[in-house]
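A short write-up of the structure that comes next.
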Amino acid sequence: MRNSGVITGTSGIAMDLGLDDDTVEMADFSAVTGDILFGERMDRLVIDGLTGAFSGSVDFGTGDDVFEVAGLSLMDGDWMFDAITEIYGGAGIDTLSFSTDFATFLNEVTVSVLDAVTYALRFGDAPAQLVFTDFETLRFSDGTYAMSDLAPVPLPAGLWLMLSGLGGFAVMRRRKSVA
Ligand SMILES: [Ca+2]
Ligand SMILES: [Ca+2]
């Protein structure tokens with residue numbers, strides 16, 4: 001499906017694509033109001049226009065899916081996404097693909113790590129953010145990277161306490177079973 005018009009969903013869902021390997025291309029001036037549900041198998045969403053406007057979330061469902069930004073300068077502030085657009089990769093090895101190289105991307109995009117599987121990206125001076133959850137792989141013109149290469153994932157302070165607590169518990173159990 002190639003969209004260069006406006007797709008507006010009733011009841012909040014703009015597109016429900018179900019079982020197949022689906023590709024949605026958003027061309028110049030395309031806009032989607034509502035959620036996109038890709039469902040099972042390997043789906044692809046291509047942003048290929050200067051003013052792709054979104055309001056709603058994108059759920060890629062299961063399968064190895066791809067969110068691709070093509071033919072778009074990240075710096076131009078041409079992004080017209082609503083304040084925050086949430087994009088869920090779901091199960092499977094999901095890929096974020098950009099036409100720039102990795103160094104250029106890091107220069108032009110502000111990355112915030114929200115939790116171990118959620119990264120917020122802010123492009124150039126645009127106010128909008130894209131929040132990616134459960135994406136595993138990044139593809140740039142100079143190669144493939146892990147999502148975690150974007151920024152180190154901070155370990156929550158409580159996690160260390162919990163881990164040392166679990167360690168202590170394991171030792172206690174071992175002692176008990178010996179006795
Ligand atoms: Ca899918
Ligand atoms: Ca995934």
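By convention in this document, the chains of the structure tokens carry letters A, B, ... by their order, each chain's residues are numbered from 1, and ligands are numbered from 1 in the order they are shown.
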Give me the chain A side of the contact with ligand 1, cut-off 10 Å, one line per residue showing its nearest atom pair and distance in Å at one decimal, counting only C-alpha atoms and all ligand atoms, sorted by chain and residue number, as a Markdown table.
| residue | atom | partner | partner_atom_place_in_ligand_line | distance |
| --- | --- | --- | --- | --- |
| A:Leu17 | CA | ligand 1 | 1 (Ca) | 9.3 |
| A:Gly18 | CA | ligand 1 | 1 (Ca) | 8.6 |
| A:Leu19 | CA | ligand 1 | 1 (Ca) | 8.2 |
| A:Asp20 | CA | ligand 1 | 1 (Ca) | 8.4 |
| A:Asp21 | CA | ligand 1 | 1 (Ca) | 7.3 |
| A:Asp22 | CA | ligand 1 | 1 (Ca) | 8.0 |
| A:Leu37 | CA | ligand 1 | 1 (Ca) | 8.6 |
| A:Phe38 | CA | ligand 1 | 1 (Ca) | 5.4 |
| A:Gly39 | CA | ligand 1 | 1 (Ca) | 4.9 |
| A:Glu40 | CA | ligand 1 | 1 (Ca) | 4.2 |
| A:Arg41 | CA | ligand 1 | 1 (Ca) | 4.3 |
| A:Met42 | CA | ligand 1 | 1 (Ca) | 4.7 |
| A:Asp43 | CA | ligand 1 | 1 (Ca) | 4.9 |
| A:Arg44 | CA | ligand 1 | 1 (Ca) | 8.1 |
| A:Asp59 | CA | ligand 1 | 1 (Ca) | 8.0 |
| A:Phe60 | CA | ligand 1 | 1 (Ca) | 4.5 |
| A:Gly61 | CA | ligand 1 | 1 (Ca) | 4.3 |
| A:Thr62 | CA | ligand 1 | 1 (Ca) | 4.4 |
| A:Gly63 | CA | ligand 1 | 1 (Ca) | 4.4 |
| A:Asp64 | CA | ligand 1 | 1 (Ca) | 6.4 |
| A:Asp65 | CA | ligand 1 | 1 (Ca) | 5.4 |
| A:Val66 | CA | ligand 1 | 1 (Ca) | 8.7 |
| A:Gly89 | CA | ligand 1 | 1 (Ca) | 7.9 |
| A:Gly90 | CA | ligand 1 | 1 (Ca) | 7.8 |
| A:Ala91 | CA | ligand 1 | 1 (Ca) | 8.3 |
| A:Gly92 | CA | ligand 1 | 1 (Ca) | 8.2 |
| A:Asp94 | CA | ligand 1 | 1 (Ca) | 8.8 |
Review point. Which of these, A:Ala151, A:Ile7, A:Ile87, A:Leu96, has the shortest distance to Thr133 in chain A once you count only C-alpha atoms?
Key: A:Ile87
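Residue nearest ligand 2 within the list A:Leu130, A:Thr100, A:Thr118, A:Ile93: A:Ile93 [criterion: smallest interatomic distance, only C-alpha atoms and all ligand atoms].
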Practice item. Just the alpha helix (DSSP H) stuff from range 92-133 of chain A, please, per backbone DSSP, written as number ranges by chain. Key: A: 102-108
Export of prior selection with N, CA, C and O atoms as a short mmCIF file (atom, residue, chain, number, x, y, z; two decimals), in the first residue's frame:
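The resulting file, again-v4.cif, is shown below:
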data_model
loop_
_atom_site.label_atom_id
_atom_site.label_comp_id
_atom_site.auth_asym_id
_atom_site.auth_seq_id
_atom_site.Cartn_x
_atom_site.Cartn_y
_atom_site.Cartn_z
N PHE A 102 25.92 5.67 10.29
CA PHE A 102 25.67 5.67 11.73
C PHE A 102 26.17 6.96 12.38
O PHE A 102 25.49 7.55 13.24
N ALA A 103 27.34 7.45 11.96
CA ALA A 103 27.91 8.65 12.58
C ALA A 103 27.01 9.86 12.32
O ALA A 103 26.76 10.66 13.23
N THR A 104 26.51 10.01 11.10
CA THR A 104 25.61 11.11 10.77
C THR A 104 24.35 11.03 11.62
O THR A 104 23.87 12.04 12.15
N PHE A 105 23.84 9.84 11.75
CA PHE A 105 22.63 9.63 12.56
C PHE A 105 22.85 10.12 13.99
O PHE A 105 22.04 10.87 14.54
N LEU A 106 23.98 9.70 14.57
CA LEU A 106 24.24 10.07 15.96
C LEU A 106 24.39 11.59 16.11
O LEU A 106 24.06 12.15 17.15
N ASN A 107 24.89 12.25 15.05
CA ASN A 107 25.02 13.71 15.08
C ASN A 107 23.66 14.41 15.05
O ASN A 107 23.51 15.49 15.61
N GLU A 108 22.71 13.82 14.38
CA GLU A 108 21.48 14.53 14.06
C GLU A 108 20.29 14.11 14.90
O GLU A 108 19.25 14.76 14.89
#
Exercise for review: For CA of Val117 in chain A and CA of Ala31 in chain A, determine how far apart the two atoms are, in Å to one decimal place.
Suggested key: 27.2 Å
Exercise for review: Can you work out which one of A:Tyr145, A:Phe135, A:Phe54, A:Tyr119 has the shortest atom-to-atom distance to ligand 2, counting only C-alpha atoms and all ligand atoms?
Suggested key: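 Distance minimum relative to ligand 2 lands on A:Phe135.
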Practice item. Using only C-alpha atoms and all ligand atoms, pick whichever of A:Phe67, A:Leu114, A:Ser141, A:Ser57 has the shortest atom-to-atom distance to ligand 2. Key: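 Nearest candidate to ligand 2 out of A:Phe67, A:Leu114, A:Ser141, A:Ser57: A:Phe67.
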Exercise for review: Record the distance separating CA of Phe98 in chain A and CA of Leu138 in chain A, expressed in Å with one decimal.
Suggested key: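 Computed distance, CA of Phe98 in chain A to CA of Leu138 in chain A, equals 8.0 Å.
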Practice item. Output as an MDAnalysis selection string all residues of range 3-148 of chain A that backbone DSSP marks as strand (DSSP E). Key: chainID A and resid 3 6:16 23:27 31:37 44:48 53:55 58:59 66:69 84:88 95:98 109:115 118:123 129:133 137:140 143:146
Practice item. Can you work out the spacing between CA of Arg139 in chain A and CA of Ser30 in chain A in Å, to one decimal? Key: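 Separation between CA of Arg139 in chain A and CA of Ser30 in chain A: 24.0 Å.
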